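Accompanying notes for the structure given below.
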Amino acid sequence: MVIHDDYVECQNFMAAEDWDAARRVLQGIAYSMPDETPEVKARFTALMKEFASRDPLVSGVLRIAMPLIREQPGIMQTAMYKHLPGIGPEEARYTFYFAEQLGILRREKKGNSYRLLPVGEIIDGGLSLSKPI
């Protein structure tokens, strides 16, 4: 099964702390998801949430973004891009999507973007899923 092989490859990259390679493998799996069963999609979503909770890209972006989101609750996601030097819009969208999935922030659709609202916080290099801001 291709997804299983990709999962093993992703785990190997994660063990080697090659986060960019692991992210690329997961992105490849995601592109193949439309034809999968709901059960496979649910397992993949759980894997992505686990990965995102450990991904240094997510925690790094959130270290910059969360103080701004706390200061300006409801700031538009597209407005955040200019505050994230060296981070492209795709990486920012990935971060904010999974930050919402992990309970770190809330996104509310507004036009063709999202309002970002604080819910959780980052602690000691990890993500806290239960502490409110």
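In the structure tokens, chains take the letters A, B, ... in the order shown, each chain's residues start at 1, and ligands count up from 1 in the order shown.
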Who sits within 10 Å of A:Arg93, only C-alpha atoms, same chain under 3 positions skipped, as number ranges by chain = A: 77-78, 81, 88-90, 96-99, 113-114
Hey, what's within 12 Å of A:Ala92 if we count only C-alpha atoms and toss same-chain stuff fewer than 5 positions away? As a PDB file with C-alpha atoms, in the first residue's frame, please?
```
ATOM      1  CA  LEU A  57       7.931  25.260  11.062  1.00  0.00           C
ATOM      2  CA  VAL A  58       4.582  25.382  12.880  1.00  0.00           C
ATOM      3  CA  SER A  59       6.039  26.292  16.261  1.00  0.00           C
ATOM      4  CA  GLY A  60       8.401  28.836  14.667  1.00  0.00           C
ATOM      5  CA  VAL A  61       5.648  30.608  12.742  1.00  0.00           C
ATOM      6  CA  LEU A  62       3.366  30.581  15.774  1.00  0.00           C
ATOM      7  CA  ILE A  64       5.988  35.143  15.670  1.00  0.00           C
ATOM      8  CA  ALA A  65       2.271  35.118  14.875  1.00  0.00           C
ATOM      9  CA  GLN A  77      -4.611  35.720   7.812  1.00  0.00           C
ATOM     10  CA  THR A  78      -3.498  37.463   4.620  1.00  0.00           C
ATOM     11  CA  ALA A  79      -2.377  40.474   6.694  1.00  0.00           C
ATOM     12  CA  MET A  80      -0.137  38.166   8.745  1.00  0.00           C
ATOM     13  CA  TYR A  81       2.010  37.212   5.761  1.00  0.00           C
ATOM     14  CA  LYS A  82       3.943  40.497   5.845  1.00  0.00           C
ATOM     15  CA  HIS A  83       4.862  39.812   9.503  1.00  0.00           C
ATOM     16  CA  LEU A  84       6.403  36.413   8.672  1.00  0.00           C
ATOM     17  CA  PRO A  85       9.743  37.093   6.962  1.00  0.00           C
ATOM     18  CA  GLY A  86      11.085  34.121   5.054  1.00  0.00           C
ATOM     19  CA  ILE A  87       7.776  32.249   5.333  1.00  0.00           C
ATOM     20  CA  TYR A  97      -4.776  25.490   9.359  1.00  0.00           C
ATOM     21  CA  PHE A  98      -3.061  23.019  11.690  1.00  0.00           C
ATOM     22  CA  ALA A  99      -2.883  25.522  14.539  1.00  0.00           C
TER      23      ALA A  99
END
```
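Here atom CA of A:Arg115 stands at a distance of 25.4 Å from atom CA of A:Arg23.
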Using backbone DSSP assignments, extract all alpha helix (DSSP H) residues from stretch 55-103 of chain A; output them as an NGL selection string.
-> :A and (56-71 or 77-80 or 89-101)
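Pairwise distance (atom CA of A:Leu68, atom CA of A:Gly103) equals 17.2 Å.
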Between A:Ser32, A:Tyr7, A:Gln101, A:Leu116, which has the minimum distance to A:Leu47 (counting only C-alpha atoms)?
-> A:Tyr7
Close residues, A:Lys41 itself excluded, 12 Å, only C-alpha atoms, min 6 positions apart in chain, as a PyMOL selection string = chain A and resi 3+29-35+47-48
Take the residues that were just selected and, keeping C-alpha atoms, output them as an mmCIF file, in the first residue's frame.
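That gives us out29.cif:
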```cif
data_model
loop_
_atom_site.group_PDB
_atom_site.id
_atom_site.type_symbol
_atom_site.label_atom_id
_atom_site.label_comp_id
_atom_site.auth_asym_id
_atom_site.auth_seq_id
_atom_site.Cartn_x
_atom_site.Cartn_y
_atom_site.Cartn_z
ATOM 1 C CA ILE A 3 0.218 5.271 1.849
ATOM 2 C CA ILE A 29 0.020 11.804 0.453
ATOM 3 C CA ALA A 30 -2.454 14.669 0.879
ATOM 4 C CA TYR A 31 -2.666 15.164 -2.881
ATOM 5 C CA SER A 32 -3.686 11.502 -3.258
ATOM 6 C CA MET A 33 -6.433 11.706 -0.593
ATOM 7 C CA PRO A 34 -9.491 12.725 -2.660
ATOM 8 C CA ASP A 35 -10.113 9.124 -3.756
ATOM 9 C CA LEU A 47 -1.051 11.697 11.343
ATOM 10 C CA MET A 48 -0.891 15.277 10.044
#
```
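Close contacts of A:Phe13, defined as residues with an atom at most 12 Å away when counting only C-alpha atoms, with chain neighbours fewer than 4 positions off set aside, comprise Asp6, Tyr7, Val8, Glu9, Glu17, Asp18, Trp19, Asp20, Ala21, Ala22, Arg23, Arg24, Val25, Leu26, Phe51 and Asp55 of chain A.
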Prev. selection, C-alpha atoms, output as a PDB file, in the first residue's frame:
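out-v6.pdb written:
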```pdb
ATOM      1  CA  ASP A   6       4.953   6.841   2.463  1.00  0.00           C
ATOM      2  CA  TYR A   7       4.063   6.741   6.152  1.00  0.00           C
ATOM      3  CA  VAL A   8       7.176   4.673   6.902  1.00  0.00           C
ATOM      4  CA  GLU A   9       9.283   7.062   4.826  1.00  0.00           C
ATOM      5  CA  GLU A  17      14.653  15.346  12.130  1.00  0.00           C
ATOM      6  CA  ASP A  18      14.442  16.094   8.411  1.00  0.00           C
ATOM      7  CA  TRP A  19      11.199  18.031   8.789  1.00  0.00           C
ATOM      8  CA  ASP A  20      11.187  19.485   5.269  1.00  0.00           C
ATOM      9  CA  ALA A  21      11.464  16.014   3.681  1.00  0.00           C
ATOM     10  CA  ALA A  22       8.755  14.631   5.986  1.00  0.00           C
ATOM     11  CA  ARG A  23       6.507  17.577   5.116  1.00  0.00           C
ATOM     12  CA  ARG A  24       7.018  16.925   1.377  1.00  0.00           C
ATOM     13  CA  VAL A  25       6.071  13.238   1.798  1.00  0.00           C
ATOM     14  CA  LEU A  26       2.945  14.187   3.739  1.00  0.00           C
ATOM     15  CA  PHE A  51       3.268  15.838  12.662  1.00  0.00           C
ATOM     16  CA  ASP A  55       6.918  20.427  13.197  1.00  0.00           C
TER      17      ASP A  55
END
```
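Using only C-alpha atoms, the shortest contact distance between A:Gln72 and any of A:Ile104, A:Gly28, A:Glu50, A:Pro118 is found at A:Pro118.
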